[in-house]
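One file, input-v4.cif, is given below (mmCIF, C-alpha atoms (C1' of nucleotides)).
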```cif
data_coords
loop_
_atom_site.label_atom_id
_atom_site.label_comp_id
_atom_site.auth_asym_id
_atom_site.auth_seq_id
_atom_site.Cartn_x
_atom_site.Cartn_y
_atom_site.Cartn_z
CA MET A 1 114.81 170.09 175.19
CA PRO A 2 112.60 167.94 173.03
CA ASP A 3 111.78 170.37 170.28
CA VAL A 4 112.53 168.44 167.10
CA LYS A 5 110.05 169.22 164.37
CA HIS A 6 108.46 166.35 162.49
CA PHE A 7 108.92 168.07 159.16
CA ASP A 8 111.43 170.12 157.20
CA PRO A 9 110.61 173.85 157.50
CA ASP A 10 112.73 174.65 154.46
CA ALA A 11 110.84 172.22 152.27
CA ALA A 12 107.51 173.50 153.58
CA LEU A 13 108.49 177.12 152.92
CA ASP A 14 109.60 176.16 149.43
CA THR A 15 106.23 174.56 148.76
CA ALA A 16 104.43 177.64 150.04
CA MET A 17 106.67 179.85 147.93
CA ARG A 18 105.65 178.02 144.78
CA LEU A 19 101.97 178.43 145.57
CA PHE A 20 102.34 182.17 146.23
CA TRP A 21 104.55 182.55 143.17
CA ARG A 22 102.10 180.89 140.80
CA GLN A 23 98.78 182.07 142.20
CA GLY A 24 99.61 185.22 144.12
CA ALA A 25 99.06 185.87 147.82
CA ALA A 26 95.38 186.78 147.62
CA SER A 27 94.42 183.67 145.66
CA THR A 28 96.35 181.28 147.88
CA GLY A 29 94.61 180.18 151.07
CA VAL A 30 96.22 178.78 154.16
CA GLN A 31 94.23 175.68 153.35
CA ASP A 32 96.11 175.36 150.04
CA VAL A 33 99.44 175.55 151.85
CA VAL A 34 98.33 172.97 154.42
CA ALA A 35 97.22 170.60 151.67
CA ALA A 36 100.37 171.08 149.59
CA THR A 37 102.86 170.78 152.44
CA GLY A 38 101.05 168.03 154.30
CA LEU A 39 101.66 169.65 157.67
CA SER A 40 98.91 170.85 159.95
CA ARG A 41 97.66 174.32 160.67
CA SER A 42 99.18 174.24 164.14
CA SER A 43 102.67 173.52 162.87
CA LEU A 44 102.32 176.09 160.11
CA TYR A 45 101.27 178.89 162.44
CA ALA A 46 103.78 177.87 165.10
CA THR A 47 106.61 177.89 162.59
CA PHE A 48 105.85 180.86 160.38
CA GLY A 49 103.34 183.00 162.22
CA GLY A 50 100.38 184.10 160.10
CA LYS A 51 99.71 184.11 156.39
CA GLN A 52 101.25 187.52 155.78
CA GLU A 53 104.47 186.57 157.52
CA LEU A 54 104.51 183.30 155.62
CA TYR A 55 104.20 185.22 152.34
CA ARG A 56 107.02 187.54 153.35
CA ALA A 57 109.21 184.58 154.23
CA ALA A 58 108.34 182.93 150.92
CA LEU A 59 109.20 186.13 149.03
CA GLU A 60 112.54 186.34 150.84
CA ARG A 61 113.19 182.72 150.00
CA TYR A 62 112.45 183.46 146.36
CA ALA A 63 114.81 186.42 146.41
CA HIS A 64 117.66 184.46 147.95
CA GLY A 65 116.91 181.24 146.10
CA ARG A 66 115.27 181.45 142.71
CA SER A 67 116.26 185.03 142.05
CA GLN A 68 119.83 184.27 143.10
CA LEU A 69 120.00 181.57 140.43
CA LEU A 70 119.57 184.27 137.78
CA LEU A 71 121.26 187.28 139.36
CA GLY A 72 124.22 185.51 140.94
CA PRO A 73 125.87 184.48 137.69
CA LEU A 74 125.29 187.95 136.26
CA GLU A 75 126.95 189.57 139.24
CA GLU A 76 129.95 187.28 139.11
CA ASP A 77 130.37 187.14 135.37
CA GLY A 78 133.03 189.71 134.48
CA ARG A 79 132.83 189.29 130.74
CA GLY A 80 130.69 192.37 130.25
CA LEU A 81 128.32 192.26 127.31
CA PRO A 82 128.27 188.45 127.00
CA ALA A 83 127.21 188.31 130.64
CA VAL A 84 124.18 190.48 129.87
CA HIS A 85 123.21 188.34 126.92
CA ALA A 86 123.66 185.19 129.01
CA PHE A 87 121.51 186.62 131.79
CA PHE A 88 118.57 187.34 129.53
CA ALA A 89 118.97 183.96 127.83
CA ARG A 90 118.73 182.25 131.22
CA LEU A 91 115.84 184.50 132.24
CA ILE A 92 113.74 183.75 129.18
CA ASP A 93 114.56 180.08 129.37
CA THR A 94 113.48 179.93 133.00
CA ARG A 95 110.29 181.88 132.40
CA CYS A 96 109.14 179.94 129.34
CA THR A 97 110.26 176.34 129.76
CA GLY A 98 110.46 173.71 132.46
CA GLU A 99 108.72 173.49 135.79
CA PHE A 100 108.15 177.22 136.22
CA ALA A 101 107.00 178.09 132.72
CA ARG A 102 104.26 180.71 132.71
CA TRP A 103 104.80 181.48 136.40
CA GLY A 104 106.54 184.77 135.69
CA CYS A 105 108.69 186.28 138.43
CA MET A 106 107.42 186.38 141.99
CA VAL A 107 108.89 189.86 142.45
CA SER A 108 107.31 191.23 139.28
CA ASN A 109 104.03 189.60 140.20
CA ALA A 110 104.14 191.21 143.63
CA HIS A 111 104.62 194.59 141.95
CA ALA A 112 101.31 194.25 140.15
CA GLY A 113 99.26 192.77 142.95
CA ALA A 114 97.81 193.88 146.24
CA GLU A 115 100.78 192.27 148.01
CA ASN A 116 102.75 195.51 147.76
CA ALA A 117 100.40 197.18 150.23
CA ASP A 118 102.66 195.68 152.90
CA PRO A 119 105.66 198.01 153.45
CA ALA A 120 107.89 195.02 154.22
CA VAL A 121 106.98 193.51 150.86
CA ARG A 122 107.58 196.80 149.07
CA ALA A 123 111.02 196.98 150.64
CA VAL A 124 111.90 193.61 149.14
CA LEU A 125 110.64 194.73 145.74
CA GLU A 126 112.82 197.83 145.87
CA ARG A 127 115.83 195.86 147.03
CA GLN A 128 115.46 193.30 144.25
CA HIS A 129 114.95 195.93 141.57
CA ARG A 130 118.00 197.85 142.74
CA ARG A 131 119.98 194.63 142.78
CA LEU A 132 118.98 193.75 139.23
CA ARG A 133 119.71 197.23 138.02
CA ALA A 134 123.08 197.30 139.80
CA ALA A 135 124.10 193.93 138.37
CA LEU A 136 123.27 195.08 134.85
CA HIS A 137 125.08 198.35 135.46
CA THR A 138 128.20 196.56 136.67
CA ALA A 139 128.16 194.29 133.64
CA LEU A 140 127.83 197.30 131.33
CA LEU A 141 130.74 199.03 133.04
CA ALA A 142 132.79 195.89 132.46
CA ALA A 143 131.66 195.98 128.85
CA ARG A 144 132.95 199.52 128.59
CA ARG A 145 136.32 198.50 129.98
CA ASN A 146 136.42 195.65 127.51
CA GLY A 147 135.73 197.99 124.62
CA GLN A 148 132.34 196.34 123.94
CA LEU A 149 130.41 199.60 124.20
CA ALA A 150 130.05 202.37 121.66
CA ASP A 151 131.26 205.76 122.84
CA ASP A 152 127.78 207.25 123.01
CA ALA A 153 126.34 204.36 125.03
CA ASP A 154 125.34 205.24 128.57
CA PRO A 155 125.68 202.40 131.12
CA GLU A 156 123.43 204.25 133.59
CA THR A 157 120.29 204.57 131.51
CA ALA A 158 121.01 201.35 129.63
CA ALA A 159 120.90 199.47 132.93
CA ASP A 160 117.59 201.16 133.75
CA VAL A 161 116.16 200.21 130.38
CA LEU A 162 117.23 196.59 130.65
CA ALA A 163 115.89 196.30 134.18
CA LEU A 164 112.48 197.54 133.02
CA LEU A 165 112.74 195.20 130.05
CA ALA A 166 113.24 192.24 132.39
CA HIS A 167 109.97 193.11 134.12
CA GLY A 168 108.30 193.18 130.73
CA VAL A 169 109.68 189.74 129.91
CA ASN A 170 108.49 188.41 133.26
CA LEU A 171 104.99 189.74 132.69
CA ARG A 172 104.58 188.60 129.12
CA SER A 173 105.96 185.17 129.84
CA ARG A 174 102.98 184.58 132.12
CA ALA A 175 100.70 185.12 129.13
CA GLY A 176 102.62 182.48 127.21
CA ALA A 177 104.74 184.76 125.04
CA ASP A 178 106.93 183.06 122.45
CA PRO A 179 110.43 182.62 123.93
CA GLY A 180 112.09 182.92 120.54
CA ARG A 181 110.50 186.27 119.96
CA LEU A 182 111.39 187.42 123.47
CA ARG A 183 115.01 186.45 122.80
CA ALA A 184 115.05 188.39 119.54
CA THR A 185 113.49 191.37 121.29
CA VAL A 186 115.97 191.58 124.15
CA THR A 187 118.88 190.91 121.82
CA ALA A 188 117.81 193.85 119.67
CA ALA A 189 117.45 196.01 122.78
CA ILE A 190 120.90 195.14 124.11
CA THR A 191 122.46 195.67 120.72
CA ALA A 192 120.79 199.05 120.28
CA LEU A 193 121.67 200.23 123.79
CA THR A 194 125.30 199.22 123.56
CA GLY A 195 125.74 200.67 120.13
CA GLY A 196 126.53 197.36 118.52
CA GLY A 197 125.73 196.63 114.91
CA MET B 198 57.29 198.11 130.57
CA PRO B 199 58.44 199.57 133.81
CA ASP B 200 62.07 198.58 133.69
CA VAL B 201 63.94 201.77 134.38
CA LYS B 202 66.96 201.18 136.57
CA HIS B 203 67.40 203.40 139.59
CA PHE B 204 71.10 203.78 138.92
CA ASP B 205 73.57 204.37 136.11
CA PRO B 206 75.13 201.05 135.05
CA ASP B 207 78.01 202.85 133.37
CA ALA B 208 78.93 204.73 136.51
CA ALA B 209 78.65 201.57 138.60
CA LEU B 210 80.88 199.64 136.20
CA ASP B 211 83.38 202.47 136.27
CA THR B 212 83.48 202.33 140.05
CA ALA B 213 83.96 198.57 139.98
CA MET B 214 86.70 198.97 137.37
CA ARG B 215 88.65 201.27 139.65
CA LEU B 216 88.46 198.81 142.52
CA PHE B 217 89.62 195.90 140.37
CA TRP B 218 92.30 198.08 138.79
CA ARG B 219 93.78 199.20 142.08
CA GLN B 220 93.40 196.08 144.19
CA GLY B 221 93.15 193.25 141.69
CA ALA B 222 90.26 190.84 141.25
CA ALA B 223 91.17 188.45 144.07
CA SER B 224 91.47 191.19 146.67
CA THR B 225 88.23 192.91 145.71
CA GLY B 226 85.07 191.46 147.18
CA VAL B 227 81.55 191.88 145.91
CA GLN B 228 80.97 193.58 149.22
CA ASP B 229 83.54 196.24 148.28
CA VAL B 230 81.78 196.88 144.99
CA VAL B 231 78.41 197.10 146.71
CA ALA B 232 79.76 199.59 149.23
CA ALA B 233 81.55 201.72 146.62
CA THR B 234 78.71 201.83 144.11
CA GLY B 235 75.90 202.17 146.63
CA LEU B 236 73.69 199.75 144.78
CA SER B 237 72.49 196.48 146.22
CA ARG B 238 73.67 192.95 145.57
CA SER B 239 70.47 192.17 143.69
CA SER B 240 70.93 194.99 141.21
CA LEU B 241 74.60 194.18 140.80
CA TYR B 242 73.97 190.52 140.01
CA ALA B 243 70.95 191.29 137.85
CA THR B 244 72.93 193.79 135.80
CA PHE B 245 76.36 192.20 135.48
CA GLY B 246 75.97 188.53 136.37
CA GLY B 247 78.57 187.22 138.79
CA LYS B 248 81.87 188.58 140.02
CA GLN B 249 83.93 187.05 137.21
CA GLU B 250 81.68 188.54 134.54
CA LEU B 251 81.81 191.86 136.34
CA TYR B 252 85.59 191.74 136.30
CA ARG B 253 85.60 190.91 132.60
CA ALA B 254 83.26 193.80 131.91
CA ALA B 255 85.44 196.11 133.99
CA LEU B 256 88.53 195.01 132.09
CA GLU B 257 86.79 195.64 128.80
CA ARG B 258 85.74 199.04 130.01
CA TYR B 259 89.33 199.77 130.94
CA ALA B 260 90.53 198.67 127.52
CA HIS B 261 88.02 200.82 125.66
CA GLY B 262 88.16 203.71 128.11
CA ARG B 263 91.35 204.32 130.03
CA SER B 264 93.57 202.40 127.64
CA GLN B 265 92.00 204.18 124.70
CA LEU B 266 93.03 207.50 126.22
CA LEU B 267 96.67 206.49 125.83
CA LEU B 268 96.61 204.34 122.71
CA GLY B 269 94.13 206.34 120.65
CA PRO B 270 96.35 209.40 120.25
CA LEU B 271 99.34 207.17 119.43
CA GLU B 272 97.37 205.39 116.70
CA GLU B 273 96.15 208.62 115.15
CA ASP B 274 99.34 210.61 115.49
CA GLY B 275 101.15 210.37 112.15
CA ARG B 276 104.25 212.32 113.16
CA GLY B 277 106.31 209.17 113.71
CA LEU B 278 109.00 209.46 116.34
CA PRO B 279 107.45 212.44 118.19
CA ALA B 280 104.28 210.38 118.54
CA VAL B 281 106.22 207.64 120.33
CA HIS B 282 107.84 210.12 122.68
CA ALA B 283 104.49 211.75 123.35
CA PHE B 284 102.89 208.38 124.10
CA PHE B 285 105.45 207.47 126.73
CA ALA B 286 105.28 210.95 128.22
CA ARG B 287 101.50 210.57 128.61
CA LEU B 288 101.91 207.03 129.92
CA ILE B 289 104.39 207.98 132.64
CA ASP B 290 102.38 211.03 133.56
CA THR B 291 99.23 208.98 133.94
CA ARG B 292 100.94 206.25 135.95
CA CYS B 293 102.77 208.53 138.36
CA THR B 294 100.58 211.59 138.94
CA GLY B 295 96.95 212.41 139.52
CA GLU B 296 94.07 210.24 140.56
CA PHE B 297 95.53 206.98 139.26
CA ALA B 298 99.09 207.36 140.50
CA ARG B 299 100.58 204.06 141.68
CA TRP B 300 97.69 202.09 140.22
CA GLY B 301 99.76 200.79 137.33
CA CYS B 302 97.91 199.46 134.29
CA MET B 303 94.95 197.14 134.73
CA VAL B 304 96.10 195.03 131.78
CA SER B 305 99.66 194.69 133.08
CA ASN B 306 98.33 193.91 136.53
CA ALA B 307 96.09 191.19 135.12
CA HIS B 308 99.13 189.65 133.43
CA ALA B 309 100.80 189.12 136.82
CA GLY B 310 97.77 187.97 138.79
CA ALA B 311 95.55 184.93 138.96
CA GLU B 312 93.03 186.77 136.78
CA ASN B 313 94.62 185.41 133.62
CA ALA B 314 93.44 181.91 134.48
CA ASP B 315 90.22 182.93 132.73
CA PRO B 316 90.65 182.39 128.97
CA ALA B 317 88.38 185.35 128.25
CA VAL B 318 90.65 187.56 130.33
CA ARG B 319 93.75 186.20 128.61
CA ALA B 320 92.19 187.01 125.26
CA VAL B 321 91.81 190.64 126.30
CA LEU B 322 95.42 190.76 127.48
CA GLU B 323 96.63 189.41 124.13
CA ARG B 324 94.45 191.81 122.21
CA GLN B 325 95.66 194.81 124.18
CA HIS B 326 99.32 193.81 123.89
CA ARG B 327 98.98 193.31 120.15
CA ARG B 328 97.25 196.66 119.87
CA LEU B 329 100.01 198.45 121.77
CA ARG B 330 102.70 196.73 119.74
CA ALA B 331 100.91 197.49 116.48
CA ALA B 332 100.46 201.16 117.36
CA LEU B 333 104.14 201.50 118.18
CA HIS B 334 105.05 199.64 115.00
CA THR B 335 102.90 201.92 112.89
CA ALA B 336 104.46 204.98 114.46
CA LEU B 337 107.94 203.62 113.81
CA LEU B 338 107.06 202.95 110.17
CA ALA B 339 105.91 206.55 109.90
CA ALA B 340 109.20 207.58 111.48
CA ARG B 341 111.02 205.64 108.80
CA ARG B 342 109.06 207.40 106.06
CA ASN B 343 109.86 210.73 107.68
CA GLY B 344 113.56 209.95 107.75
CA GLN B 345 113.62 209.87 111.56
CA LEU B 346 115.09 206.38 111.72
CA ALA B 347 118.68 205.27 111.23
CA ASP B 348 119.18 202.77 108.42
CA ASP B 349 119.99 199.91 110.75
CA ALA B 350 116.97 200.47 112.99
CA ASP B 351 114.35 197.72 112.83
CA PRO B 352 110.76 198.87 113.41
CA GLU B 353 109.65 195.29 114.09
CA THR B 354 111.86 194.47 117.03
CA ALA B 355 111.91 198.08 118.21
CA ALA B 356 108.13 197.93 118.57
CA ASP B 357 108.48 194.71 120.55
CA VAL B 358 111.08 196.27 122.83
CA LEU B 359 109.02 199.39 123.49
CA ALA B 360 105.89 197.33 124.19
CA LEU B 361 107.76 195.30 126.80
CA LEU B 362 109.21 198.53 128.16
CA ALA B 363 105.71 199.93 128.65
CA HIS B 364 104.85 196.91 130.81
CA GLY B 365 107.98 197.60 132.83
CA VAL B 366 106.94 201.22 133.33
CA ASN B 367 103.47 200.11 134.40
CA LEU B 368 104.87 197.70 136.95
CA ARG B 369 107.49 199.97 138.43
CA SER B 370 105.08 202.89 138.68
CA ARG B 371 103.05 200.84 141.15
CA ALA B 372 106.08 200.71 143.40
CA GLY B 373 106.36 204.49 143.28
CA ALA B 374 109.17 204.78 140.75
CA ASP B 375 110.44 208.30 140.08
CA PRO B 376 108.67 209.62 136.95
CA GLY B 377 111.66 211.74 135.97
CA ARG B 378 113.90 208.72 135.90
CA LEU B 379 111.31 206.70 134.00
CA ARG B 380 111.15 209.47 131.41
CA ALA B 381 114.94 209.52 131.05
CA THR B 382 114.96 205.74 130.77
CA VAL B 383 112.37 205.47 128.01
CA THR B 384 113.87 208.43 126.18
CA ALA B 385 117.23 206.68 126.15
CA ALA B 386 115.60 203.49 124.93
CA ILE B 387 113.74 205.19 122.10
CA THR B 388 116.85 207.09 121.09
CA ALA B 389 118.98 203.96 121.07
CA LEU B 390 116.41 201.89 119.17
CA THR B 391 115.84 204.51 116.50
CA GLY B 392 119.53 205.17 116.05
CA GLY B 393 119.28 208.80 117.10
CA GLY B 394 122.16 210.60 118.76
"C1'" DC C 395 42.60 203.56 140.81
"C1'" DA C 396 43.81 198.69 139.72
"C1'" DC C 397 47.08 195.96 137.51
"C1'" DA C 398 51.15 193.68 135.72
"C1'" DT C 399 56.03 194.09 135.57
"C1'" DC C 400 60.32 195.06 136.92
"C1'" DC C 401 63.71 196.67 140.18
"C1'" DT C 402 65.28 197.18 144.86
"C1'" DG C 403 66.73 196.38 149.68
"C1'" DG C 404 68.04 193.12 152.87
"C1'" DA C 405 67.98 188.72 154.83
"C1'" DA C 406 69.76 184.19 154.31
"C1'" DC C 407 72.54 180.43 152.13
"C1'" DG C 408 76.48 177.13 152.31
"C1'" DG C 409 81.22 177.48 151.81
"C1'" DT C 410 85.75 179.16 152.75
"C1'" DC C 411 88.68 182.59 154.98
"C1'" DA C 412 92.59 183.21 158.62
"C1'" DT C 413 93.23 182.12 163.18
"C1'" DT C 414 93.02 179.87 167.84
"C1'" DC C 415 92.75 176.28 171.01
"C1'" DC C 416 93.34 171.87 173.25
"C1'" DA C 417 93.93 167.11 174.08
"C1'" DA C 418 96.96 163.52 172.57
"C1'" DG C 419 101.40 161.95 170.91
"C1'" DA C 420 106.35 162.15 170.50
"C1'" DT C 421 110.83 163.18 172.33
"C1'" DA C 422 114.95 163.97 175.47
"C1'" DG C 423 116.87 164.04 179.98
"C1'" DT C 424 117.09 161.60 184.37
"C1'" DA D 425 110.04 154.14 183.27
"C1'" DC D 426 108.82 158.84 184.63
"C1'" DT D 427 108.36 163.48 183.75
"C1'" DA D 428 108.68 167.84 181.55
"C1'" DT D 429 108.42 170.08 177.21
"C1'" DC D 430 107.34 170.64 172.72
"C1'" DT D 431 104.86 169.34 168.44
"C1'" DT D 432 100.96 167.56 166.27
"C1'" DG D 433 96.30 166.58 164.36
"C1'" DG D 434 91.92 168.19 164.16
"C1'" DA D 435 88.00 170.48 165.87
"C1'" DA D 436 86.05 175.01 166.60
"C1'" DT D 437 85.96 180.04 166.01
"C1'" DG D 438 83.83 184.29 164.05
"C1'" DA D 439 84.18 186.81 159.92
"C1'" DC D 440 83.71 187.17 155.19
"C1'" DC D 441 83.24 184.93 150.50
"C1'" DG D 442 80.07 184.80 146.23
"C1'" DT D 443 75.45 183.85 145.36
"C1'" DT D 444 70.35 183.29 145.72
"C1'" DC D 445 65.89 184.40 147.11
"C1'" DC D 446 61.81 186.92 148.29
"C1'" DA D 447 58.78 190.36 150.01
"C1'" DG D 448 57.80 195.04 149.07
"C1'" DG D 449 58.24 199.40 146.54
"C1'" DA D 450 58.36 201.90 142.34
"C1'" DT D 451 56.89 202.43 137.63
"C1'" DG D 452 54.17 202.75 133.29
"C1'" DT D 453 49.72 201.24 131.35
"C1'" DG D 454 44.60 200.83 131.12
#
```
Before anything else, please render the file you have as structure tokens.
Amino acid sequence: MPDVKHFDPDAALDTAMRLFWRQGAASTGVQDVVAATGLSRSSLYATFGGKQELYRAALERYAHGRSQLLLGPLEEDGRGLPAVHAFFARLIDTRCTGEFARWGCMVSNAHAGAENADPAVRAVLERQHRRLRAALHTALLAARRNGQLADDADPETAADVLALLAHGVNLRSRAGADPGRLRATVTAAITALTGGG
Amino acid sequence: MPDVKHFDPDAALDTAMRLFWRQGAASTGVQDVVAATGLSRSSLYATFGGKQELYRAALERYAHGRSQLLLGPLEEDGRGLPAVHAFFARLIDTRCTGEFARWGCMVSNAHAGAENADPAVRAVLERQHRRLRAALHTALLAARRNGQLADDADPETAADVLALLAHGVNLRSRAGADPGRLRATVTAAITALTGGG
DNA sequence: CACATCCTGGAACGGTCATTCCAAGATAGT
DNA sequence: ACTATCTTGGAATGACCGTTCCAGGATGTG
């Protein structure tokens, strides 16, 4: 069976993901992907199907790749409150500096765009939001066990608040918000929600 | 001077605004605007210029129209904390029920899309964010004067947090978030930030 | 009614969109 | 080396993109 591809599908999908992430699905043409990946239209369509399926695959890759880089440590970090602080520190750092500065979050971006007309895309958005919320919730429960929470603090709604706050950070970072101010803002939010002084 | 237009420019711009609001600039074609407004390409271009200028005008109309409906009352309401609660109640109600349910906020949407590549658009986004933040800040200062704030509450960062939270609400409402849960979430956030029990 | 002026409808423009197709090239098994 | 099978580059597709243009209709003025 001679069916060895002349290119790396993973690398190509990663390149496409970055285009969709930065520009959105509607503003990214198949032509852009072809030019950026270097492979031909034939190979692209044969490997990934159409544009919509390519976007879905790119979004999945983001969820399991880039998103994992932020959520994974939060899910595994059992320290409680410090884990939450560390997560937001990483988040803001990622959103505001380095290669992906001003790109925001591909999931948050998909929320705001016409991409979410696709039910499959919406399912990913829901899954990722639930995952973020659950990770924060777990960390807050650990914080409670560790005695890092005030008695009147509610891990349920606090997780909801922080999850919404993350979306806000993602959005504002695309407009070039000051990372220092974002840090101060989320720190104040966490402190207030956990009853810290 | 026979120069009376055969249509109402305000109504046409409002129709275009709704298309851009719901679908985003990239996914809305001039053809869509022509079909929705009923006027011809000639009149559209003669009145508004090109598509980009039309989008800018629509965004401005949103800022001074729809956005004003939410921010205006907040800016004029001197009650302090109740004004903040009322603002978020109106916000969530607007985002989740009625004609504009699941449309999110045109300003938040523009943050996440390719629209903000236009410096003029970015300027509007900054202006609107500053306005929201300032209105919340003013309300929190009034709350302080009215003795509705705990001593350790900080109106500066609290305003920042709530402004980011509003973006989060706008985003999640597009995915069909449960308004009741959003209300509980923002209520918890306001309570925590203002030191209420 | 004649005129000048503006607005309107609709055709037409080149360019780009996503997608398909096919001949030519590369590969693995024999 | 031959063949079967798959991938590849690139042309070609029809549809739609934003934009321009122009003939003709409507309007207010003399």
- request: Work out how far apart CA of Ala142 (chain A) and CA of Thr354 (chain B) are and give it in Å to one decimal.
  value: 26.0 Å
message: I need the output of the PyMOL selection byres ((chain A) within 8 of (chain B)) for this file as a PyMOL selection string; which residues are they?
response: chain A and resi 22-24+26-27+104+108-114+116+122+125-126+152+157-158+160-161+164-169+171-172+174-175+184-186+188-189+192-193+195+197
Given the selection you just returned, output its residues as a file containing C-alpha atoms, formatted as a compact mmCIF listing (two decimals), in the frame of the given file.
```
# COMPACT_ATOMS: atom_id res chain seq x y z
CA ARG A 22 102.10 180.89 140.80
CA GLN A 23 98.78 182.07 142.20
CA GLY A 24 99.61 185.22 144.12
CA ALA A 26 95.38 186.78 147.62
CA SER A 27 94.42 183.67 145.66
CA GLY A 104 106.54 184.77 135.69
CA SER A 108 107.31 191.23 139.28
CA ASN A 109 104.03 189.60 140.20
CA ALA A 110 104.14 191.21 143.63
CA HIS A 111 104.62 194.59 141.95
CA ALA A 112 101.31 194.25 140.15
CA GLY A 113 99.26 192.77 142.95
CA ALA A 114 97.81 193.88 146.24
CA ASN A 116 102.75 195.51 147.76
CA ARG A 122 107.58 196.80 149.07
CA LEU A 125 110.64 194.73 145.74
CA GLU A 126 112.82 197.83 145.87
CA ASP A 152 127.78 207.25 123.01
CA THR A 157 120.29 204.57 131.51
CA ALA A 158 121.01 201.35 129.63
CA ASP A 160 117.59 201.16 133.75
CA VAL A 161 116.16 200.21 130.38
CA LEU A 164 112.48 197.54 133.02
CA LEU A 165 112.74 195.20 130.05
CA ALA A 166 113.24 192.24 132.39
CA HIS A 167 109.97 193.11 134.12
CA GLY A 168 108.30 193.18 130.73
CA VAL A 169 109.68 189.74 129.91
CA LEU A 171 104.99 189.74 132.69
CA ARG A 172 104.58 188.60 129.12
CA ARG A 174 102.98 184.58 132.12
CA ALA A 175 100.70 185.12 129.13
CA ALA A 184 115.05 188.39 119.54
CA THR A 185 113.49 191.37 121.29
CA VAL A 186 115.97 191.58 124.15
CA ALA A 188 117.81 193.85 119.67
CA ALA A 189 117.45 196.01 122.78
CA ALA A 192 120.79 199.05 120.28
CA LEU A 193 121.67 200.23 123.79
CA GLY A 195 125.74 200.67 120.13
CA GLY A 197 125.73 196.63 114.91
```
- prompt: Closest to chain B among D:DA425, D:DC430, D:DA439, D:DC445, using all atoms listed in the file?
  reply: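 Checking each candidate against chain B, we get D:DC445 as the closest.
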- prompt: Hey, can you check how far CA of Leu91 (chain A) sits from CA of Met17 (chain A)?
  reply: 18.8 Å
- prompt: Within 10 Å of chain B, which residues of chain D show up when using only C-alpha atoms (C1' of nucleotides), listed as number ranges by chain?
  reply: D: 440-445, 450-453
Residues as selected, C-alpha atoms (C1' of nucleotides), written as a tab-separated table (two decimals), in the coordinates of the input, can you do that?
```tsv
chain	number	residue	atom	x	y	z
D	440	DC	C1'	83.71	187.17	155.19
D	441	DC	C1'	83.24	184.93	150.50
D	442	DG	C1'	80.07	184.80	146.23
D	443	DT	C1'	75.45	183.85	145.36
D	444	DT	C1'	70.35	183.29	145.72
D	445	DC	C1'	65.89	184.40	147.11
D	450	DA	C1'	58.36	201.90	142.34
D	451	DT	C1'	56.89	202.43	137.63
D	452	DG	C1'	54.17	202.75	133.29
D	453	DT	C1'	49.72	201.24	131.35
```
message: If we count only C-alpha atoms (C1' of nucleotides) and set the cut-off at 9 Å, which residues sit around Thr94 (chain A), ignoring sequence neighbours fewer than 6 positions away in its own chain? Please answer as a list in words.
response: Leu70, Phe100, Ala101 and Gly104 of chain A
query: So how many Å separate CA of Thr294 (chain B) and CA of Gly277 (chain B), to one decimal?
result: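 About the pair CA of Thr294 (chain B) and CA of Gly277 (chain B): they are 26.0 Å apart.
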message: Quick one: residues within 10 Å of Gln52 (chain A), only C-alpha atoms (C1' of nucleotides), excluding same-chain residues fewer than 2 positions away - as a ChimeraX atom specification?
response: /A:25,48-50,54-58,115,118,121
Hits from the PyMOL selection byres ((chain C and resi 395) around 12), listed as a list in words: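 With the PyMOL selection byres ((chain C and resi 395) around 12) on this model, the match is DA396 and DC397 of chain C; DG454 of chain D.
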task: Apply the PyMOL selection byres ((chain A and resi 37) around 10) to the file shown and report the selected residues as a VMD selection string.
output: chain A and resid 7 to 9 11 to 16 31 to 36 38 to 40 44
